[in-house]
Amino acid sequence: MLQNINDSSDSGLQTSDAQKIVIIKYNAGNIRSVANALARLGCEAEITADPIKIRAADKVIFPGVGEASNTMAYLRSTGLDELIVSLRQPVLGICLGMQLMCSHSEEGDVACLNIFNERVRKFQLPEPNPDNIKIPKMGWNTLTNVQKPLFDSSLEGGYVYFVHSYYVALGEHTAATSNYILPYSAALQKDNFFATQFHPEKSGSVGDRILANFLSL
Amino acid sequence: MLAKRIIPCLDIKNGQTVKGVKFVEIKEVGDPVELAAHYAEQGADELVFLDITASHEGRKTFVDLVQRIARNINIPFTVGGGISAVSDADALLNAGADKVSVNSSAVRNPKLISDLANSFGSQFVVVAIDAQHQQDEGWVVTVNGGRIATDKRLFSWADECEKRGAGEILFTSMDHDGVKQGFANAALAKLSDQLTIPLIASGGAGAMEHFKDVFTLGKADAGLAASIFHFNEISIPELKRYLDREGVGIRL
């Protein structure tokens, strides 16, 4: 692992120590994993729900594993919904975070933050299903058609780790494509908002590079 | 195509890695975090840590260990052993585990699966099933490391696990485990056809061909093994290059 970190700094991925990274704390799992991944890149992030700290951060990460409608209800009850939409610094949504940044999710039939005007749909098993495709999609899959600045050309064809049952179709904001049952958005991007359906914090050296690219924005 | 996953499994006792051969003899093979980091660098797709410590003291050691693993490893990992309540799982997930696996405790209390799925989401819940083939009974589910046969049968129990919200099934054939003559491919294929959730195959890996077989004949989504990796009988990079040559979709 230490070797990986050294490799990152050698290739110029190390970012300035001075920047403040905030991970939004809310009722979702997987938050600590993101902080751990950033720490491995030499960056100490603060996990907080404090609106003042979130607004003042240089970069904001909106992670999450959980159920969409419950999580949206929580974000509304705390005012985090309006706060996230109003942010002007680079924001990275991960997994459920990405889905909540869309306009609507079929998971609990809920209106979401509408940063990306895309609907989140449930994967449907193909019929017949000769390859025994399973839902949730769980495991490593490749990224194609990757877009700067979150992705650089070295990431084309790279494997990243996915766990999800709902997906966002290809659209104007697609920043990387993955293929499972159908081609769909592995990542989205619009203005200062970035999002990945996969877990960069669990995606080995490829994921480390994507996080480092985000930190370098 | 989603890559087939190679998963080394580490048995942990009092914070140290062990591996039982046929779950009886146990031999130390190293420090878990060191071994885990090594496997991650070698290209392991996931890791599984099973706590076989019985004592209360040992449990605390395991939670601390999970925290250290989470800080040091950049691939997903599952932890299991001794989880009989939502609060046990909560402590491990808070420590940074990506998934928890339940086995005997779910057989005794199937509602545990639904409770875990409702509390954390299905993607956090792996149900491990140990089963043994018996002439008249078919595949009999066993508990306590294969020592006790139950009235549950593999296929109907796996179906119930899925309906209760399991996110993955980890099937270990007690007949194949430790024997190194290949996985229980016929039973695995039947299970994979039946399930709509991913299937991890365990028990029987002894050669690289066994992994090819488990992904093709056995239709498994992931292959798990312990001693052959711990004792470096098969190196993961070599195994992955072999599978790639054989046309099995894996992450290189």
# chains A, B, ... in the order shown; residues from 1 in each chain; ligands from 1
call {"tool": "interface_residues", "arguments": {"of": "chain B", "to": "chain A", "cutoff": "6 Å", "atoms": "only C-alpha atoms", "output": "PyMOL selection string"}}
result
chain B and resi 2-3+71+74-76+196-198
call {"tool": "write_last_selection", "arguments": {"atoms": "C-alpha atoms", "output": "PDB file, in the first residue's frame"}}
result
ATOM      1  CA  LEU B   2     -18.467  -7.975 -15.240  1.00  0.00           C
ATOM      2  CA  ALA B   3     -15.144  -9.510 -14.186  1.00  0.00           C
ATOM      3  CA  ARG B  71      -7.391   2.105   6.712  1.00  0.00           C
ATOM      4  CA  ASN B  74      -8.105  -0.140  -1.197  1.00  0.00           C
ATOM      5  CA  ILE B  75     -10.335  -3.035  -2.297  1.00  0.00           C
ATOM      6  CA  PRO B  76     -13.647  -4.228  -0.806  1.00  0.00           C
ATOM      7  CA  THR B 196     -30.719 -13.726  -9.081  1.00  0.00           C
ATOM      8  CA  ILE B 197     -28.038 -12.510  -6.637  1.00  0.00           C
ATOM      9  CA  PRO B 198     -24.272 -13.173  -7.028  1.00  0.00           C
TER      10      PRO B 198
END
call {"tool": "residues_around", "arguments": {"residues": "range 45-52 of chain A", "least_positions_apart": "2", "cutoff": "12 Å", "atoms": "only C-alpha atoms", "output": "count of residues only"}}
result
47
call {"tool": "atom_distance", "arguments": {"atom1": "CA of His133 in chain B", "atom2": "CA of Gly223 in chain B"}}
result
19.9 Å
call {"tool": "select_by_dssp", "arguments": {"residues": "range 149-181 of chain A", "states": "strand (DSSP E)", "output": "ChimeraX atom specification"}}
result
/A:159-164,166-168,174-180
call {"tool": "residues_around", "arguments": {"residues": "Ile250 in chain B", "least_positions_apart": "5", "cutoff": "9 Å", "atoms": "only C-alpha atoms", "output": "list of chain:residue names"}}
result
A:Trp140, B:Leu2, B:Ala3, B:Lys4, B:Arg5, B:Ile6, B:Lys240, B:Arg241, B:Leu243, B:Asp244
call {"tool": "atom_distance", "arguments": {"atom1": "CA of Asp159 in chain B", "atom2": "CA of Asn103 in chain B"}}
result
14.7 Å
call {"tool": "decode", "arguments": {"residues": "range 113-149 of chain A", "atoms": "N, CA, C and O atoms", "output": "PDB file, in the first residue's frame"}}
result
ATOM      1  N   LEU A 113     -32.290  15.592  -6.057  1.00  0.00           N
ATOM      2  CA  LEU A 113     -31.756  16.956  -6.009  1.00  0.00           C
ATOM      3  C   LEU A 113     -31.789  17.676  -7.357  1.00  0.00           C
ATOM      4  O   LEU A 113     -31.656  18.895  -7.420  1.00  0.00           O
ATOM      5  N   ASN A 114     -31.910  16.918  -8.438  1.00  0.00           N
ATOM      6  CA  ASN A 114     -32.037  17.493  -9.786  1.00  0.00           C
ATOM      7  C   ASN A 114     -30.849  18.354 -10.203  1.00  0.00           C
ATOM      8  O   ASN A 114     -30.996  19.340 -10.914  1.00  0.00           O
ATOM      9  N   ILE A 115     -29.657  17.973  -9.762  1.00  0.00           N
ATOM     10  CA  ILE A 115     -28.446  18.624 -10.280  1.00  0.00           C
ATOM     11  C   ILE A 115     -28.212  18.113 -11.698  1.00  0.00           C
ATOM     12  O   ILE A 115     -27.902  18.883 -12.603  1.00  0.00           O
ATOM     13  N   PHE A 116     -28.371  16.823 -11.864  1.00  0.00           N
ATOM     14  CA  PHE A 116     -28.330  16.217 -13.205  1.00  0.00           C
ATOM     15  C   PHE A 116     -29.769  15.874 -13.578  1.00  0.00           C
ATOM     16  O   PHE A 116     -30.458  15.179 -12.833  1.00  0.00           O
ATOM     17  N   ASN A 117     -30.205  16.356 -14.732  1.00  0.00           N
ATOM     18  CA  ASN A 117     -31.582  16.081 -15.143  1.00  0.00           C
ATOM     19  C   ASN A 117     -31.660  14.680 -15.760  1.00  0.00           C
ATOM     20  O   ASN A 117     -31.824  14.520 -16.969  1.00  0.00           O
ATOM     21  N   GLU A 118     -31.498  13.676 -14.915  1.00  0.00           N
ATOM     22  CA  GLU A 118     -31.510  12.280 -15.351  1.00  0.00           C
ATOM     23  C   GLU A 118     -32.336  11.481 -14.354  1.00  0.00           C
ATOM     24  O   GLU A 118     -32.314  11.776 -13.157  1.00  0.00           O
ATOM     25  N   ARG A 119     -32.994  10.453 -14.834  1.00  0.00           N
ATOM     26  CA  ARG A 119     -33.776   9.595 -13.942  1.00  0.00           C
ATOM     27  C   ARG A 119     -32.988   8.349 -13.593  1.00  0.00           C
ATOM     28  O   ARG A 119     -32.214   7.837 -14.398  1.00  0.00           O
ATOM     29  N   VAL A 120     -33.149   7.868 -12.351  1.00  0.00           N
ATOM     30  CA  VAL A 120     -32.463   6.666 -11.884  1.00  0.00           C
ATOM     31  C   VAL A 120     -33.443   5.507 -11.991  1.00  0.00           C
ATOM     32  O   VAL A 120     -34.533   5.560 -11.426  1.00  0.00           O
ATOM     33  N   ARG A 121     -33.035   4.468 -12.757  1.00  0.00           N
ATOM     34  CA  ARG A 121     -33.947   3.344 -13.014  1.00  0.00           C
ATOM     35  C   ARG A 121     -33.375   2.059 -12.461  1.00  0.00           C
ATOM     36  O   ARG A 121     -32.166   1.911 -12.312  1.00  0.00           O
ATOM     37  N   LYS A 122     -34.263   1.099 -12.219  1.00  0.00           N
ATOM     38  CA  LYS A 122     -33.802  -0.201 -11.735  1.00  0.00           C
ATOM     39  C   LYS A 122     -33.353  -1.072 -12.912  1.00  0.00           C
ATOM     40  O   LYS A 122     -33.993  -1.103 -13.946  1.00  0.00           O
ATOM     41  N   PHE A 123     -32.228  -1.775 -12.725  1.00  0.00           N
ATOM     42  CA  PHE A 123     -31.801  -2.760 -13.726  1.00  0.00           C
ATOM     43  C   PHE A 123     -32.886  -3.812 -13.888  1.00  0.00           C
ATOM     44  O   PHE A 123     -33.483  -4.262 -12.899  1.00  0.00           O
ATOM     45  N   GLN A 124     -33.164  -4.229 -15.102  1.00  0.00           N
ATOM     46  CA  GLN A 124     -34.093  -5.332 -15.358  1.00  0.00           C
ATOM     47  C   GLN A 124     -33.280  -6.501 -15.897  1.00  0.00           C
ATOM     48  O   GLN A 124     -32.488  -6.325 -16.829  1.00  0.00           O
ATOM     49  N   LEU A 125     -33.465  -7.695 -15.312  1.00  0.00           N
ATOM     50  CA  LEU A 125     -32.757  -8.868 -15.814  1.00  0.00           C
ATOM     51  C   LEU A 125     -33.210  -9.149 -17.245  1.00  0.00           C
ATOM     52  O   LEU A 125     -34.395  -9.055 -17.551  1.00  0.00           O
ATOM     53  N   PRO A 126     -32.241  -9.489 -18.120  1.00  0.00           N
ATOM     54  CA  PRO A 126     -32.637  -9.833 -19.489  1.00  0.00           C
ATOM     55  C   PRO A 126     -33.410 -11.149 -19.495  1.00  0.00           C
ATOM     56  O   PRO A 126     -33.202 -11.999 -18.628  1.00  0.00           O
ATOM     57  N   GLU A 127     -34.334 -11.285 -20.435  1.00  0.00           N
ATOM     58  CA  GLU A 127     -35.056 -12.566 -20.593  1.00  0.00           C
ATOM     59  C   GLU A 127     -34.935 -13.012 -22.033  1.00  0.00           C
ATOM     60  O   GLU A 127     -35.324 -12.258 -22.923  1.00  0.00           O
ATOM     61  N   PRO A 128     -34.398 -14.199 -22.313  1.00  0.00           N
ATOM     62  CA  PRO A 128     -33.785 -15.118 -21.344  1.00  0.00           C
ATOM     63  C   PRO A 128     -32.472 -14.548 -20.797  1.00  0.00           C
ATOM     64  O   PRO A 128     -31.999 -13.519 -21.289  1.00  0.00           O
ATOM     65  N   ASN A 129     -31.901 -15.249 -19.821  1.00  0.00           N
ATOM     66  CA  ASN A 129     -30.705 -14.758 -19.136  1.00  0.00           C
ATOM     67  C   ASN A 129     -29.608 -15.834 -19.172  1.00  0.00           C
ATOM     68  O   ASN A 129     -29.234 -16.382 -18.146  1.00  0.00           O
ATOM     69  N   PRO A 130     -29.089 -16.126 -20.382  1.00  0.00           N
ATOM     70  CA  PRO A 130     -28.163 -17.253 -20.524  1.00  0.00           C
ATOM     71  C   PRO A 130     -26.849 -17.034 -19.779  1.00  0.00           C
ATOM     72  O   PRO A 130     -26.203 -18.008 -19.387  1.00  0.00           O
ATOM     73  N   ASP A 131     -26.444 -15.787 -19.568  1.00  0.00           N
ATOM     74  CA  ASP A 131     -25.172 -15.529 -18.880  1.00  0.00           C
ATOM     75  C   ASP A 131     -25.346 -15.425 -17.362  1.00  0.00           C
ATOM     76  O   ASP A 131     -24.412 -15.038 -16.667  1.00  0.00           O
ATOM     77  N   ASN A 132     -26.536 -15.751 -16.848  1.00  0.00           N
ATOM     78  CA  ASN A 132     -26.792 -15.683 -15.407  1.00  0.00           C
ATOM     79  C   ASN A 132     -26.423 -14.318 -14.828  1.00  0.00           C
ATOM     80  O   ASN A 132     -25.730 -14.230 -13.819  1.00  0.00           O
ATOM     81  N   ILE A 133     -26.856 -13.272 -15.502  1.00  0.00           N
ATOM     82  CA  ILE A 133     -26.594 -11.926 -14.986  1.00  0.00           C
ATOM     83  C   ILE A 133     -27.380 -11.737 -13.698  1.00  0.00           C
ATOM     84  O   ILE A 133     -28.526 -12.179 -13.587  1.00  0.00           O
ATOM     85  N   LYS A 134     -26.725 -11.119 -12.684  1.00  0.00           N
ATOM     86  CA  LYS A 134     -27.313 -10.985 -11.357  1.00  0.00           C
ATOM     87  C   LYS A 134     -27.570  -9.506 -11.030  1.00  0.00           C
ATOM     88  O   LYS A 134     -26.916  -8.613 -11.567  1.00  0.00           O
ATOM     89  N   ILE A 135     -28.518  -9.294 -10.137  1.00  0.00           N
ATOM     90  CA  ILE A 135     -28.775  -7.963  -9.577  1.00  0.00           C
ATOM     91  C   ILE A 135     -28.752  -8.103  -8.056  1.00  0.00           C
ATOM     92  O   ILE A 135     -29.457  -8.972  -7.533  1.00  0.00           O
ATOM     93  N   PRO A 136     -28.004  -7.334  -7.285  1.00  0.00           N
ATOM     94  CA  PRO A 136     -27.233  -6.169  -7.742  1.00  0.00           C
ATOM     95  C   PRO A 136     -26.040  -6.526  -8.621  1.00  0.00           C
ATOM     96  O   PRO A 136     -25.521  -7.635  -8.551  1.00  0.00           O
ATOM     97  N   LYS A 137     -25.659  -5.552  -9.443  1.00  0.00           N
ATOM     98  CA  LYS A 137     -24.364  -5.637 -10.098  1.00  0.00           C
ATOM     99  C   LYS A 137     -23.342  -5.481  -8.992  1.00  0.00           C
ATOM    100  O   LYS A 137     -23.373  -4.502  -8.248  1.00  0.00           O
ATOM    101  N   MET A 138     -22.483  -6.457  -8.841  1.00  0.00           N
ATOM    102  CA  MET A 138     -21.503  -6.394  -7.761  1.00  0.00           C
ATOM    103  C   MET A 138     -20.165  -6.870  -8.285  1.00  0.00           C
ATOM    104  O   MET A 138     -20.034  -8.026  -8.669  1.00  0.00           O
ATOM    105  N   GLY A 139     -19.200  -5.972  -8.345  1.00  0.00           N
ATOM    106  CA  GLY A 139     -17.874  -6.385  -8.774  1.00  0.00           C
ATOM    107  C   GLY A 139     -17.202  -5.360  -9.669  1.00  0.00           C
ATOM    108  O   GLY A 139     -17.630  -4.208  -9.732  1.00  0.00           O
ATOM    109  N   TRP A 140     -16.162  -5.832 -10.348  1.00  0.00           N
ATOM    110  CA  TRP A 140     -15.290  -4.945 -11.117  1.00  0.00           C
ATOM    111  C   TRP A 140     -15.712  -4.922 -12.570  1.00  0.00           C
ATOM    112  O   TRP A 140     -15.942  -5.961 -13.172  1.00  0.00           O
ATOM    113  N   ASN A 141     -15.788  -3.713 -13.125  1.00  0.00           N
ATOM    114  CA  ASN A 141     -16.155  -3.558 -14.528  1.00  0.00           C
ATOM    115  C   ASN A 141     -15.344  -2.402 -15.107  1.00  0.00           C
ATOM    116  O   ASN A 141     -14.848  -1.559 -14.364  1.00  0.00           O
ATOM    117  N   THR A 142     -15.236  -2.377 -16.430  1.00  0.00           N
ATOM    118  CA  THR A 142     -14.367  -1.379 -17.064  1.00  0.00           C
ATOM    119  C   THR A 142     -15.086  -0.053 -17.304  1.00  0.00           C
ATOM    120  O   THR A 142     -16.309  -0.005 -17.429  1.00  0.00           O
ATOM    121  N   LEU A 143     -14.284   0.996 -17.383  1.00  0.00           N
ATOM    122  CA  LEU A 143     -14.750   2.324 -17.761  1.00  0.00           C
ATOM    123  C   LEU A 143     -14.365   2.562 -19.219  1.00  0.00           C
ATOM    124  O   LEU A 143     -13.235   2.271 -19.612  1.00  0.00           O
ATOM    125  N   THR A 144     -15.307   3.091 -19.994  1.00  0.00           N
ATOM    126  CA  THR A 144     -14.966   3.471 -21.366  1.00  0.00           C
ATOM    127  C   THR A 144     -15.452   4.888 -21.615  1.00  0.00           C
ATOM    128  O   THR A 144     -16.268   5.422 -20.865  1.00  0.00           O
ATOM    129  N   ASN A 145     -14.923   5.472 -22.694  1.00  0.00           N
ATOM    130  CA  ASN A 145     -15.318   6.818 -23.109  1.00  0.00           C
ATOM    131  C   ASN A 145     -15.189   7.817 -21.946  1.00  0.00           C
ATOM    132  O   ASN A 145     -16.091   8.611 -21.689  1.00  0.00           O
ATOM    133  N   VAL A 146     -14.054   7.751 -21.254  1.00  0.00           N
ATOM    134  CA  VAL A 146     -13.868   8.595 -20.067  1.00  0.00           C
ATOM    135  C   VAL A 146     -13.577  10.044 -20.452  1.00  0.00           C
ATOM    136  O   VAL A 146     -12.940  10.309 -21.466  1.00  0.00           O
ATOM    137  N   GLN A 147     -14.096  10.970 -19.647  1.00  0.00           N
ATOM    138  CA  GLN A 147     -13.985  12.401 -19.955  1.00  0.00           C
ATOM    139  C   GLN A 147     -13.153  13.127 -18.906  1.00  0.00           C
ATOM    140  O   GLN A 147     -13.267  12.843 -17.711  1.00  0.00           O
ATOM    141  N   LYS A 148     -12.357  14.100 -19.355  1.00  0.00           N
ATOM    142  CA  LYS A 148     -11.620  14.962 -18.431  1.00  0.00           C
ATOM    143  C   LYS A 148     -12.614  15.914 -17.759  1.00  0.00           C
ATOM    144  O   LYS A 148     -13.652  16.171 -18.335  1.00  0.00           O
ATOM    145  N   PRO A 149     -12.308  16.457 -16.585  1.00  0.00           N
ATOM    146  CA  PRO A 149     -11.032  16.357 -15.876  1.00  0.00           C
ATOM    147  C   PRO A 149     -11.002  15.266 -14.799  1.00  0.00           C
ATOM    148  O   PRO A 149      -9.941  14.977 -14.285  1.00  0.00           O
TER     149      PRO A 149
END
